[in-house]
Protein chains: 2
Amino acid sequence: MNQNLGKASVKLQRPVYILNSGSIVGTKEGQGPLGLLFDMVGSDDMFGCESWEEAESSLQKSAVQLALEKAKVKAEDVKFIFAGDLLGQSIATSFGISTYQIPLLGVYGACSTCGESLTVGVMTIAGGFADRVVCVTSSHFASAEKEFRFPLEYGNQRPLSATWTVTGGGAFVLGNEEALSAYGEKPRARIMGMTVGKIVDYGLKDSMNMGACMAPAAASTLEQHFVDFGSQPEDYDKIITGDLGKVGQKVLIDLMKEKGYDISEQHMDCGIEIYDGEVQDTHAGGSGCGCSAVTLSAYILKQLEEGNWKKVLFMPTGALLSKTSFNEGKSVPGIAHALVLET
Amino acid sequence: MNQNLGKASVKLQRPVYILNSGSIVGTKEGQGPLGLLFDMVGSDDMFGCESWEEAESSLQKSAVQLALEKAKVKAEDVKFIFAGDLLGQSIATSFGISTYQIPLLGVYGACSTCGESLTVGVMTIAGGFADRVVCVTSSHFASAEKEFRFPLEYGNQRPLSATWTVTGGGAFVLGNEEALSAYGEKPRARIMGMTVGKIVDYGLKDSMNMGACMAPAAASTLEQHFVDFGSQPEDYDKIITGDLGKVGQKVLIDLMKEKGYDISEQHMDCGIEIYDGEVQDTHAGGSGCGCSAVTLSAYILKQLEEGNWKKVLFMPTGALLSKTSFNEGKSVPGIAHALVLET
């Protein structure tokens with residue numbers, strides 16, 4: 001049984017199933033094009049909490065609760081939870097999910113965290129170490145602006161290349177064949193393989209243009225994926241990045257052309273889908289760990305369930321910066337992890 | 001093949017080997033009781049860099065290089081690297097290991113990160129997804145004080161319950177049977193199983209007494225480990241926590257007594273071993289991701305190699321706080337992950 005594929009990939013002998021999932025978003029996301037698809041939309045972005053950080057924690061808590069309920073699974077029947085977020089020392093996670101008392105393996109991949117948590121979660125199940133795991137991640141516009149740029153109270157101007165951090169949390173219950181039987185319903189999708197990304201640093205330093213910073217990492221992972229799996233863009237109904245936005249999308253398509261792949265037909269970006277850029281003043285698009293997580297839960301899995309798409313490559317993208325690294329004049333390296341999802 | 005043990009554990013059907021490892025530390029650690037055992041000791045704590053954060057990145061880079069050289073492995077033959085640190089958004093990792101171009105899965109478990117990275121790395125190999133992986137983590141006294149408490153320039157006083165963040169990086173090359181054959185030498189140890197911890201929050205809020213904050217998490221994981229494996233304290237030559245220090249050690253031993261286990265004979269703490277508290281003015285002991293990592297590499301694995309110990313439980317402990325959570329008046333939850341190491 002060789003699941004060890006190529007330089008950076010894993011090909012599963014038996015699929016791991018996304019039994020079900022949950023999504024919760026803020027008001028702006030609720031007003032966007034995908035607004036009606038989310039499981040829950042907050043009436044305001046504090047979600048009944050006293051700080052932005054607590055509000056983000058509540059997103060993880062609610063997303064997990066939704067996913068567990070929809071998957072008809074109790075917290076005590078989940079072996080591990082893979083979780084992370086954008087805040088320093090992942091405090092949205094530490095204060096969000098402790099109530100479930102599920103053994104925690106914390107992950108950090110900036111905005112690629114949804115892809116990373118699913119990747120490690122899938123390996124845990126496919127390796128026979130767990131029947132069920134939960135993967136959860138979140139981001140919050142206000143806590144992210146405070147963490148990386150300026151507190152909202154400063155009222156700073158944002159350039160057109162900037163993205164808007166999605167306020168949202170997405171959680172996924174993964175299971176093996178046995179867990180699927182116990183569930184007794186159709187899974188939302190099955191995961192057949194993954195490609196793990198490496199750090200790619202083109203030396204870009206603009207934290208207000210993270211799409212361009214992350215696009216080279218997306219191109220690197222995508223090329224490696226095609227090589228490892230012997231596949232081509234046409235093999236996927238969609239190739240979906242996390243939060244490149246409009247600027248990063250152009251860069252990715254160009255970089256892939258240079259590498260000999262035309263993905264202009266298949267490419268889709270969660271950050272572009274989640275807002276109406278014309279009306280919502282979100283500039284280049286959405287970003288944040290929550291962006292790809294809630295779009296996967298609410299929109300991508302729905303398209304797979306309805307048979308509109310049969311096979312997609314889901315590839316969240318992350319910008320590996322902190323305010324300290326930015327203030328010390330460092331570049332913004334990127335990373336991206338890809339998963340093959342099928343109906 | 002059932003590797004899925006109990007509520008929170010994994011028992012390996014075939015061992016995963018620590019082929020070799022590398023450790024690098026700062027001057028204070030070099031002057032401590034384990035000083036002569038480390039692979040490399042810096043002549044000053046900047047390690048030739050221009051900022052504390054860069055210095056910490058260089059610790060990860062050097063530790064990985066040492067481990068790869070000692071394990072006679074090239075970076076391109078490593079499938080995945082599991083890495084993390086204490087700085088916001090794990091920048092010591094992002095700027096430390098990119099040069100190796102190994103697909104990265106970032107982990108965060110505060111000072112338990114060494115245990116977490118090994119846990120996930122082991123599952124990746126035991127699941128058949130990789131032949132070789134590297135696990136690396138670091139901490140740096142100056143970057144940690146700046147990140148969590150006060151910049152060194154403030155010259156603040158530290159209470160006796162405070163621990164001293166270890167300046168150090170430790171890296172481990174893990175491999176399967178095949179990788180061991182290719183290596184052709186005796187591995188440093190073999191890993192037989194793991195117990196993953198959950199978030200434990202007793203409501204303590206003192207970031208200057210992290211030993212007491214983490215001890216309940218260590219007790220929780222240890223009890224779960226004994227239950228899952230059907231084992232007792234006597235089954236281990238040592239039960240080794242990461243960085244509880246002198247205050248946390250007392251709390252752990254007392255908590256375990258309440259649970260019906262006497263671990264006073266077996267317990268050892270990396271944070272107590274690494275400094276001479278009487279002479280080095282380190283108060284309760286050492287802490288930080290690097291503390292357990294360098295002590296494992298330089299001291300614990302050596303004892304196993306020499307046959308002084310046959311079987312130990314290695315359990316790094318983490319305090320899940322950030323300066324934001326601390327300033328917002330939140331508690332300091334803990335987490336701990338345990339691994340069974342044998343000769």
# chains A, B, ... in the order shown; residues from 1 in each chain; ligands from 1
call {"tool": "residues_around", "arguments": {"residues": "stretch 310-320 of chain A", "least_positions_apart": "6", "cutoff": "7 Å", "atoms": "only C-alpha atoms", "output": "MDAnalysis selection string"}}
result
(chainID A and resid 109:112 114:115 210 213:214 218 236:243 292 304 332:343) or (chainID B and resid 94)
call {"tool": "residues_around", "arguments": {"residues": "B:Ile91", "least_positions_apart": "5", "cutoff": "10 Å", "atoms": "only C-alpha atoms", "output": "PyMOL selection string"}}
result
(chain A and resi 320-325) or (chain B and resi 53-54+56-57+84-86+96)
call {"tool": "write_last_selection", "arguments": {"atoms": "N, CA and C atoms", "output": "mmCIF file, in the first residue's frame"}}
result
data_model
loop_
_atom_site.group_PDB
_atom_site.id
_atom_site.type_symbol
_atom_site.label_atom_id
_atom_site.label_comp_id
_atom_site.auth_asym_id
_atom_site.auth_seq_id
_atom_site.Cartn_x
_atom_site.Cartn_y
_atom_site.Cartn_z
ATOM 1 N N LEU A 320 2.937 34.316 4.591
ATOM 2 C CA LEU A 320 3.620 34.032 5.854
ATOM 3 C C LEU A 320 4.296 35.283 6.420
ATOM 4 N N LEU A 321 3.482 36.235 6.859
ATOM 5 C CA LEU A 321 4.048 37.451 7.450
ATOM 6 C C LEU A 321 3.514 37.645 8.859
ATOM 7 N N SER A 322 4.208 38.472 9.621
ATOM 8 C CA SER A 322 3.662 38.962 10.882
ATOM 9 C C SER A 322 3.915 40.459 10.894
ATOM 10 N N LYS A 323 3.310 41.172 11.841
ATOM 11 C CA LYS A 323 3.586 42.618 11.869
ATOM 12 C C LYS A 323 5.055 42.852 12.202
ATOM 13 N N THR A 324 5.639 41.957 12.990
ATOM 14 C CA THR A 324 7.056 42.115 13.324
ATOM 15 C C THR A 324 7.924 41.923 12.084
ATOM 16 N N SER A 325 7.655 40.872 11.327
ATOM 17 C CA SER A 325 8.477 40.643 10.135
ATOM 18 C C SER A 325 8.278 41.788 9.141
ATOM 19 N N GLU B 53 14.630 38.091 16.017
ATOM 20 C CA GLU B 53 13.799 37.169 15.242
ATOM 21 C C GLU B 53 14.638 36.443 14.195
ATOM 22 N N GLU B 54 15.516 37.198 13.527
ATOM 23 C CA GLU B 54 16.414 36.548 12.555
ATOM 24 C C GLU B 54 17.308 35.537 13.254
ATOM 25 N N GLU B 56 16.592 33.808 15.841
ATOM 26 C CA GLU B 56 15.830 32.580 16.099
ATOM 27 C C GLU B 56 15.654 31.772 14.815
ATOM 28 N N SER B 57 15.398 32.459 13.699
ATOM 29 C CA SER B 57 15.302 31.743 12.418
ATOM 30 C C SER B 57 16.576 30.957 12.139
ATOM 31 N N GLY B 84 7.487 24.744 13.746
ATOM 32 C CA GLY B 84 6.737 25.812 14.388
ATOM 33 C C GLY B 84 7.564 26.461 15.469
ATOM 34 N N ASP B 85 7.077 27.590 15.973
ATOM 35 C CA ASP B 85 7.788 28.303 17.029
ATOM 36 C C ASP B 85 6.799 29.151 17.806
ATOM 37 N N LEU B 86 7.309 30.003 18.689
ATOM 38 C CA LEU B 86 6.441 30.764 19.592
ATOM 39 C C LEU B 86 6.063 32.139 19.051
ATOM 40 N N GLY B 96 13.205 30.795 8.547
ATOM 41 C CA GLY B 96 14.332 29.946 8.935
ATOM 42 C C GLY B 96 14.577 28.783 8.009
#
call {"tool": "residues_around", "arguments": {"residues": "A:Val25", "least_positions_apart": "4", "cutoff": "10 Å", "atoms": "only C-alpha atoms", "output": "list in words"}}
result
Glu29, Gly30, Gly35, Phe38, Asp39, Met40, Val41, Gly42, Ser43, Asp44, Asp45, Phe47, Leu59, Ala63, Ser138, Ser139, His140, Val166, Thr167, Gly168, Gly169, Gly170, Gly290, Cys291 and Val294 of chain A
call {"tool": "write_last_selection", "arguments": {"atoms": "N, CA and C atoms", "output": "mmCIF file, in the first residue's frame"}}
result
data_model
loop_
_atom_site.group_PDB
_atom_site.id
_atom_site.type_symbol
_atom_site.label_atom_id
_atom_site.label_comp_id
_atom_site.auth_asym_id
_atom_site.auth_seq_id
_atom_site.Cartn_x
_atom_site.Cartn_y
_atom_site.Cartn_z
ATOM 1 N N GLU A 29 -20.199 39.303 4.598
ATOM 2 C CA GLU A 29 -20.199 38.071 3.831
ATOM 3 C C GLU A 29 -21.644 37.620 3.576
ATOM 4 N N GLY A 30 -22.499 37.876 4.566
ATOM 5 C CA GLY A 30 -23.913 37.519 4.412
ATOM 6 C C GLY A 30 -24.589 38.322 3.309
ATOM 7 N N GLY A 35 -24.150 34.781 0.134
ATOM 8 C CA GLY A 35 -24.779 35.032 1.435
ATOM 9 C C GLY A 35 -25.828 34.021 1.857
ATOM 10 N N PHE A 38 -24.583 30.244 3.366
ATOM 11 C CA PHE A 38 -23.925 29.951 4.648
ATOM 12 C C PHE A 38 -24.933 29.428 5.667
ATOM 13 N N ASP A 39 -24.447 28.584 6.579
ATOM 14 C CA ASP A 39 -25.348 28.017 7.589
ATOM 15 C C ASP A 39 -25.841 29.091 8.551
ATOM 16 N N MET A 40 -25.000 30.076 8.829
ATOM 17 C CA MET A 40 -25.354 31.076 9.823
ATOM 18 C C MET A 40 -24.687 32.407 9.466
ATOM 19 N N VAL A 41 -25.431 33.497 9.613
ATOM 20 C CA VAL A 41 -24.880 34.838 9.379
ATOM 21 C C VAL A 41 -25.117 35.657 10.645
ATOM 22 N N GLY A 42 -24.046 36.267 11.167
ATOM 23 C CA GLY A 42 -24.187 37.054 12.394
ATOM 24 C C GLY A 42 -24.995 38.316 12.157
ATOM 25 N N SER A 43 -25.741 38.755 13.174
ATOM 26 C CA SER A 43 -26.515 39.986 13.018
ATOM 27 C C SER A 43 -25.595 41.207 13.171
ATOM 28 N N ASP A 44 -24.477 41.040 13.902
ATOM 29 C CA ASP A 44 -23.396 42.020 13.834
ATOM 30 C C ASP A 44 -22.092 41.267 14.023
ATOM 31 N N ASP A 45 -20.940 41.943 13.833
ATOM 32 C CA ASP A 45 -19.678 41.203 13.779
ATOM 33 C C ASP A 45 -19.041 40.968 15.149
ATOM 34 N N PHE A 47 -20.771 39.145 17.381
ATOM 35 C CA PHE A 47 -21.339 37.830 17.714
ATOM 36 C C PHE A 47 -21.589 37.694 19.225
ATOM 37 N N LEU A 59 -16.586 32.153 16.377
ATOM 38 C CA LEU A 59 -16.788 31.630 15.020
ATOM 39 C C LEU A 59 -16.331 30.168 14.937
ATOM 40 N N ALA A 63 -18.840 27.101 14.260
ATOM 41 C CA ALA A 63 -18.624 26.300 13.051
ATOM 42 C C ALA A 63 -18.504 24.819 13.419
ATOM 43 N N SER A 138 -10.632 29.899 11.118
ATOM 44 C CA SER A 138 -11.435 31.123 11.164
ATOM 45 C C SER A 138 -10.581 32.328 10.810
ATOM 46 N N SER A 139 -11.256 33.415 10.485
ATOM 47 C CA SER A 139 -10.605 34.725 10.460
ATOM 48 C C SER A 139 -11.675 35.765 10.738
ATOM 49 N N HIS A 140 -11.240 36.958 11.116
ATOM 50 C CA HIS A 140 -12.193 38.030 11.434
ATOM 51 C C HIS A 140 -11.567 39.330 10.945
ATOM 52 N N VAL A 166 -11.984 37.986 5.449
ATOM 53 C CA VAL A 166 -13.330 37.445 5.646
ATOM 54 C C VAL A 166 -13.583 37.190 7.129
ATOM 55 N N THR A 167 -14.724 37.621 7.606
ATOM 56 C CA THR A 167 -15.177 37.268 8.946
ATOM 57 C C THR A 167 -15.970 35.977 8.816
ATOM 58 N N GLY A 168 -15.371 34.890 9.261
ATOM 59 C CA GLY A 168 -16.069 33.616 9.099
ATOM 60 C C GLY A 168 -15.297 32.461 9.668
ATOM 61 N N GLY A 169 -16.005 31.393 9.962
ATOM 62 C CA GLY A 169 -15.388 30.165 10.434
ATOM 63 C C GLY A 169 -15.997 28.990 9.687
ATOM 64 N N GLY A 170 -15.135 28.044 9.316
ATOM 65 C CA GLY A 170 -15.610 26.850 8.621
ATOM 66 C C GLY A 170 -15.052 25.612 9.280
ATOM 67 N N GLY A 290 -10.615 32.116 6.981
ATOM 68 C CA GLY A 290 -12.041 31.832 6.893
ATOM 69 C C GLY A 290 -12.547 31.863 5.463
ATOM 70 N N CYS A 291 -11.872 32.607 4.583
ATOM 71 C CA CYS A 291 -12.347 32.799 3.210
ATOM 72 C C CYS A 291 -12.507 31.473 2.483
ATOM 73 N N VAL A 294 -15.089 28.899 4.514
ATOM 74 C CA VAL A 294 -16.550 29.051 4.392
ATOM 75 C C VAL A 294 -17.002 28.867 2.944
#
call {"tool": "interface_residues", "arguments": {"of": "chain A", "to": "chain B", "cutoff": "7 Å", "atoms": "only C-alpha atoms", "output": "CSV table (one decimal) with N, CA and C atoms, in the first residue's frame"}}
result
chain,number,residue,atom,x,y,z
A,2,ASN,N,1.1,1.8,-1.2
A,2,ASN,CA,1.9,3.0,-1.2
A,2,ASN,C,1.1,4.2,-1.4
A,3,GLN,N,1.0,5.1,-0.4
A,3,GLN,CA,0.3,6.3,-0.5
A,3,GLN,C,1.2,7.5,-0.7
A,4,ASN,N,2.5,7.2,-0.8
A,4,ASN,CA,3.5,8.2,-0.9
A,4,ASN,C,3.8,8.5,-2.3
A,7,LYS,N,7.1,13.9,-5.2
A,7,LYS,CA,8.0,14.7,-4.3
A,7,LYS,C,7.2,15.3,-3.2
A,8,ALA,N,5.9,15.6,-3.4
A,8,ALA,CA,5.2,16.4,-2.3
A,8,ALA,C,3.8,15.9,-2.1
A,10,VAL,N,0.4,12.9,-1.7
A,10,VAL,CA,-0.1,11.7,-1.1
A,10,VAL,C,-1.3,11.3,-2.0
A,79,LYS,N,-11.8,11.9,17.3
A,79,LYS,CA,-10.5,11.6,17.9
A,79,LYS,C,-9.6,12.8,18.0
A,86,LEU,N,-5.3,33.1,12.3
A,86,LEU,CA,-4.3,34.0,11.9
A,86,LEU,C,-3.7,34.8,13.0
A,88,GLY,N,-1.8,36.0,16.5
A,88,GLY,CA,-0.6,35.5,17.2
A,88,GLY,C,-0.9,34.4,18.2
A,89,GLN,N,-0.1,33.3,18.1
A,89,GLN,CA,-0.3,32.2,19.0
A,89,GLN,C,-1.7,31.6,18.9
A,91,ILE,N,-4.8,32.3,19.1
A,91,ILE,CA,-5.7,32.4,20.3
A,91,ILE,C,-7.2,32.2,19.9
A,94,SER,N,-7.4,28.6,20.6
A,94,SER,CA,-7.2,28.3,22.0
A,94,SER,C,-8.4,28.6,22.9
A,98,SER,N,-11.9,24.9,23.1
A,98,SER,CA,-11.6,24.1,24.3
A,98,SER,C,-12.8,23.4,24.9
A,101,GLN,N,-13.3,19.7,24.3
A,101,GLN,CA,-12.4,18.7,24.9
A,101,GLN,C,-12.0,17.6,23.9
A,102,ILE,N,-11.7,18.0,22.7
A,102,ILE,CA,-11.2,17.0,21.7
A,102,ILE,C,-9.7,17.2,21.7
A,103,PRO,N,-8.9,16.1,21.7
A,103,PRO,CA,-7.4,16.3,21.6
A,103,PRO,C,-7.1,17.1,20.3
A,104,LEU,N,-6.2,18.1,20.6
A,104,LEU,CA,-6.0,19.2,19.6
A,104,LEU,C,-4.6,19.1,19.0
A,105,LEU,N,-4.5,19.2,17.7
A,105,LEU,CA,-3.2,19.4,17.0
A,105,LEU,C,-3.3,20.7,16.3
A,106,GLY,N,-2.7,21.7,16.8
A,106,GLY,CA,-2.8,23.0,16.2
A,106,GLY,C,-1.9,23.2,14.9
A,107,VAL,N,-2.5,23.8,13.9
A,107,VAL,CA,-1.7,24.0,12.7
A,107,VAL,C,-1.6,25.5,12.3
A,108,TYR,N,-0.6,25.8,11.6
A,108,TYR,CA,-0.4,27.2,11.1
A,108,TYR,C,0.1,27.2,9.7
A,109,GLY,N,-0.7,27.8,8.8
A,109,GLY,CA,-0.3,28.0,7.4
A,109,GLY,C,-0.8,29.3,6.9
A,116,GLU,N,-4.3,23.1,5.0
A,116,GLU,CA,-3.3,22.3,5.8
A,116,GLU,C,-4.1,21.4,6.9
A,123,MET,N,-4.6,12.6,6.5
A,123,MET,CA,-3.6,11.6,6.7
A,123,MET,C,-3.8,10.8,8.0
A,124,THR,N,-4.3,11.5,9.0
A,124,THR,CA,-4.6,10.8,10.3
A,124,THR,C,-5.6,9.7,10.1
A,127,GLY,N,-4.3,6.9,7.6
A,127,GLY,CA,-3.2,6.1,8.2
A,127,GLY,C,-3.8,5.2,9.3
A,128,GLY,N,-5.0,5.2,9.5
A,128,GLY,CA,-5.7,4.3,10.5
A,128,GLY,C,-5.5,4.8,11.9
A,129,PHE,N,-5.3,6.0,12.2
A,129,PHE,CA,-5.1,6.5,13.5
A,129,PHE,C,-6.4,7.1,14.2
A,130,ALA,N,-7.4,7.3,13.3
A,130,ALA,CA,-8.6,7.9,13.8
A,130,ALA,C,-9.8,7.5,12.8
A,196,VAL,N,1.4,18.9,-0.8
A,196,VAL,CA,1.8,19.9,0.3
A,196,VAL,C,2.8,20.9,-0.3
A,197,GLY,N,2.5,22.2,0.0
A,197,GLY,CA,3.4,23.2,-0.6
A,197,GLY,C,4.6,23.5,0.2
A,198,LYS,N,5.6,24.2,-0.4
A,198,LYS,CA,6.7,24.6,0.3
A,198,LYS,C,6.7,26.2,0.3
A,199,ILE,N,7.6,26.8,1.1
A,199,ILE,CA,7.6,28.2,1.2
A,199,ILE,C,8.2,28.8,-0.1
A,320,LEU,N,2.9,34.3,4.6
A,320,LEU,CA,3.6,34.0,5.9
A,320,LEU,C,4.3,35.3,6.4
A,321,LEU,N,3.5,36.2,6.9
A,321,LEU,CA,4.0,37.5,7.4
A,321,LEU,C,3.5,37.6,8.9
A,322,SER,N,4.2,38.5,9.6
A,322,SER,CA,3.7,39.0,10.9
A,322,SER,C,3.9,40.5,10.9
call {"tool": "select_by_dssp", "arguments": {"residues": "stretch 146-264 of chain A", "states": "helix (DSSP H, G or I)", "output": "VMD selection string"}}
result
chain A and resid 146 to 148 152 to 154 177 to 183 210 to 229 233 to 235 245 to 258
call {"tool": "atom_distance", "arguments": {"atom1": "atom CA of A:Leu66", "atom2": "atom CA of A:Gly22"}}
result
4.9 Å
call {"tool": "closest_residue", "arguments": {"among": "B:Gly245, B:Gly175, B:Gly288, B:Gly193", "to": "B:Val134", "atoms": "only C-alpha atoms"}}
result
B:Gly175
call {"tool": "atom_distance", "arguments": {"atom1": "atom CA of A:Leu301", "atom2": "atom CA of A:Lys70"}}
result
13.9 Å
call {"tool": "residues_around", "arguments": {"residues": "B:Gly211", "least_positions_apart": "3", "cutoff": "9 Å", "atoms": "only C-alpha atoms", "output": "mmCIF file with N, CA and C atoms, in the first residue's frame"}}
result
data_model
loop_
_atom_site.group_PDB
_atom_site.id
_atom_site.type_symbol
_atom_site.label_atom_id
_atom_site.label_comp_id
_atom_site.auth_asym_id
_atom_site.auth_seq_id
_atom_site.Cartn_x
_atom_site.Cartn_y
_atom_site.Cartn_z
ATOM 1 N N SER B 161 8.686 32.654 40.229
ATOM 2 C CA SER B 161 7.908 31.610 39.551
ATOM 3 C C SER B 161 8.100 31.641 38.041
ATOM 4 N N ALA B 162 8.731 32.706 37.521
ATOM 5 C CA ALA B 162 8.914 32.831 36.074
ATOM 6 C C ALA B 162 9.967 31.849 35.579
ATOM 7 N N THR B 163 9.787 31.420 34.339
ATOM 8 C CA THR B 163 10.786 30.571 33.708
ATOM 9 C C THR B 163 11.600 31.412 32.735
ATOM 10 N N MET B 208 3.602 34.907 34.358
ATOM 11 C CA MET B 208 4.898 34.763 35.016
ATOM 12 C C MET B 208 4.954 33.474 35.854
ATOM 13 N N MET B 214 0.472 25.145 33.073
ATOM 14 C CA MET B 214 0.579 23.983 32.183
ATOM 15 C C MET B 214 0.434 22.643 32.896
ATOM 16 N N ALA B 215 0.715 22.625 34.205
ATOM 17 C CA ALA B 215 0.716 21.351 34.927
ATOM 18 C C ALA B 215 -0.607 20.582 34.804
ATOM 19 N N ASP B 243 8.594 21.890 30.093
ATOM 20 C CA ASP B 243 9.080 23.101 30.747
ATOM 21 C C ASP B 243 8.162 23.539 31.872
ATOM 22 N N LEU B 244 7.823 22.576 32.749
ATOM 23 C CA LEU B 244 7.008 22.931 33.911
ATOM 24 C C LEU B 244 7.821 23.720 34.929
ATOM 25 N N GLY B 245 9.112 23.463 34.977
ATOM 26 C CA GLY B 245 9.938 24.123 35.986
ATOM 27 C C GLY B 245 9.615 23.594 37.383
ATOM 28 N N LYS B 246 10.231 24.228 38.379
ATOM 29 C CA LYS B 246 10.108 23.707 39.751
ATOM 30 C C LYS B 246 8.707 23.867 40.318
ATOM 31 N N VAL B 247 8.047 24.976 39.972
ATOM 32 C CA VAL B 247 6.696 25.193 40.488
ATOM 33 C C VAL B 247 5.729 24.198 39.840
ATOM 34 N N GLY B 248 5.803 24.091 38.524
ATOM 35 C CA GLY B 248 4.895 23.195 37.805
ATOM 36 C C GLY B 248 5.116 21.732 38.153
ATOM 37 N N GLN B 249 6.363 21.370 38.413
ATOM 38 C CA GLN B 249 6.658 19.978 38.754
ATOM 39 C C GLN B 249 5.893 19.546 40.003
ATOM 40 N N VAL B 251 3.184 20.863 41.208
ATOM 41 C CA VAL B 251 1.752 20.810 40.920
ATOM 42 C C VAL B 251 1.418 19.513 40.181
ATOM 43 N N ALA B 284 12.446 29.572 38.062
ATOM 44 C CA ALA B 284 11.769 28.264 38.112
ATOM 45 C C ALA B 284 12.346 27.240 37.141
ATOM 46 N N SER B 287 12.182 27.284 29.681
ATOM 47 C CA SER B 287 10.907 27.069 28.987
ATOM 48 C C SER B 287 11.107 27.358 27.509
ATOM 49 N N THR B 317 5.164 20.444 27.074
ATOM 50 C CA THR B 317 4.003 21.140 27.615
ATOM 51 C C THR B 317 3.947 22.559 27.042
ATOM 52 N N ALA B 319 1.862 26.532 26.933
ATOM 53 C CA ALA B 319 0.940 27.511 27.518
ATOM 54 C C ALA B 319 0.345 28.335 26.386
#
call {"tool": "atom_distance", "arguments": {"atom1": "atom CA of A:Met46", "atom2": "atom CA of A:Ala298"}}
result
21.6 Å
call {"tool": "residues_around", "arguments": {"residues": "A:Leu19", "least_positions_apart": "4", "cutoff": "10 Å", "atoms": "only C-alpha atoms", "output": "list of chain:residue names"}}
result
A:Ala67, A:Leu68, A:Lys70, A:Ala71, A:Lys72, A:Val73, A:Arg132, A:Phe172, A:Val173, A:Leu174, A:Gly175, A:Asn176, A:Ala179, A:Leu180, A:Tyr183, A:Gly184, A:Glu185, A:Lys186, A:Pro187, A:Arg188, A:Ala189, A:Arg190
call {"tool": "write_last_selection", "arguments": {"atoms": "N, CA and C atoms", "output": "compact mmCIF listing (two decimals), in the first residue's frame"}}
result
# COMPACT_ATOMS: atom_id res chain seq x y z
N ALA A 67 -21.02 21.80 12.30
CA ALA A 67 -20.50 20.64 11.57
C ALA A 67 -20.83 19.35 12.31
N LEU A 68 -20.65 19.35 13.63
CA LEU A 68 -20.95 18.14 14.41
C LEU A 68 -22.43 17.79 14.33
N LYS A 70 -24.63 18.64 12.00
CA LYS A 70 -24.99 18.21 10.64
C LYS A 70 -24.44 16.82 10.33
N ALA A 71 -23.29 16.48 10.93
CA ALA A 71 -22.71 15.15 10.68
C ALA A 71 -23.23 14.12 11.69
N LYS A 72 -24.14 14.55 12.55
CA LYS A 72 -24.71 13.67 13.60
C LYS A 72 -23.62 12.98 14.41
N VAL A 73 -22.63 13.75 14.81
CA VAL A 73 -21.49 13.22 15.56
C VAL A 73 -21.38 13.99 16.88
N ARG A 132 -12.72 9.47 13.00
CA ARG A 132 -13.32 10.79 12.70
C ARG A 132 -12.41 11.89 13.24
N PHE A 172 -15.12 21.11 9.32
CA PHE A 172 -15.38 19.93 8.50
C PHE A 172 -15.21 18.68 9.35
N VAL A 173 -16.17 17.78 9.26
CA VAL A 173 -16.04 16.48 9.93
C VAL A 173 -15.59 15.48 8.89
N LEU A 174 -14.39 14.95 9.06
CA LEU A 174 -13.87 13.94 8.15
C LEU A 174 -14.06 12.55 8.77
N GLY A 175 -14.27 11.56 7.93
CA GLY A 175 -14.44 10.22 8.45
C GLY A 175 -13.99 9.16 7.47
N ASN A 176 -13.74 7.96 8.00
CA ASN A 176 -13.40 6.82 7.13
C ASN A 176 -14.70 6.09 6.72
N ALA A 179 -17.04 5.37 9.60
CA ALA A 179 -17.74 6.57 10.08
C ALA A 179 -18.84 6.96 9.10
N LEU A 180 -18.60 6.74 7.82
CA LEU A 180 -19.61 7.05 6.80
C LEU A 180 -20.82 6.14 6.97
N TYR A 183 -22.86 7.27 9.83
CA TYR A 183 -23.57 8.51 9.46
C TYR A 183 -24.83 8.17 8.68
N GLY A 184 -24.69 7.23 7.73
CA GLY A 184 -25.87 6.74 7.01
C GLY A 184 -26.41 7.65 5.93
N GLU A 185 -25.72 8.76 5.67
CA GLU A 185 -26.17 9.64 4.58
C GLU A 185 -25.04 9.84 3.58
N LYS A 186 -25.35 10.52 2.50
CA LYS A 186 -24.35 10.80 1.47
C LYS A 186 -23.32 11.78 2.04
N PRO A 187 -22.04 11.50 1.85
CA PRO A 187 -21.05 12.49 2.32
C PRO A 187 -21.07 13.70 1.39
N ARG A 188 -20.52 14.80 1.85
CA ARG A 188 -20.51 16.01 1.02
C ARG A 188 -19.51 15.84 -0.13
N ALA A 189 -18.40 15.16 0.12
CA ALA A 189 -17.41 14.92 -0.94
C ALA A 189 -16.43 13.88 -0.42
N ARG A 190 -15.57 13.39 -1.32
CA ARG A 190 -14.50 12.52 -0.86
C ARG A 190 -13.16 13.11 -1.30
call {"tool": "select_by_dssp", "arguments": {"residues": "stretch 88-180 of chain B", "states": "strand (DSSP E or B)", "output": "PyMOL selection string"}}
result
chain B and resi 104-107+109+111+132-139+164-165+168-175
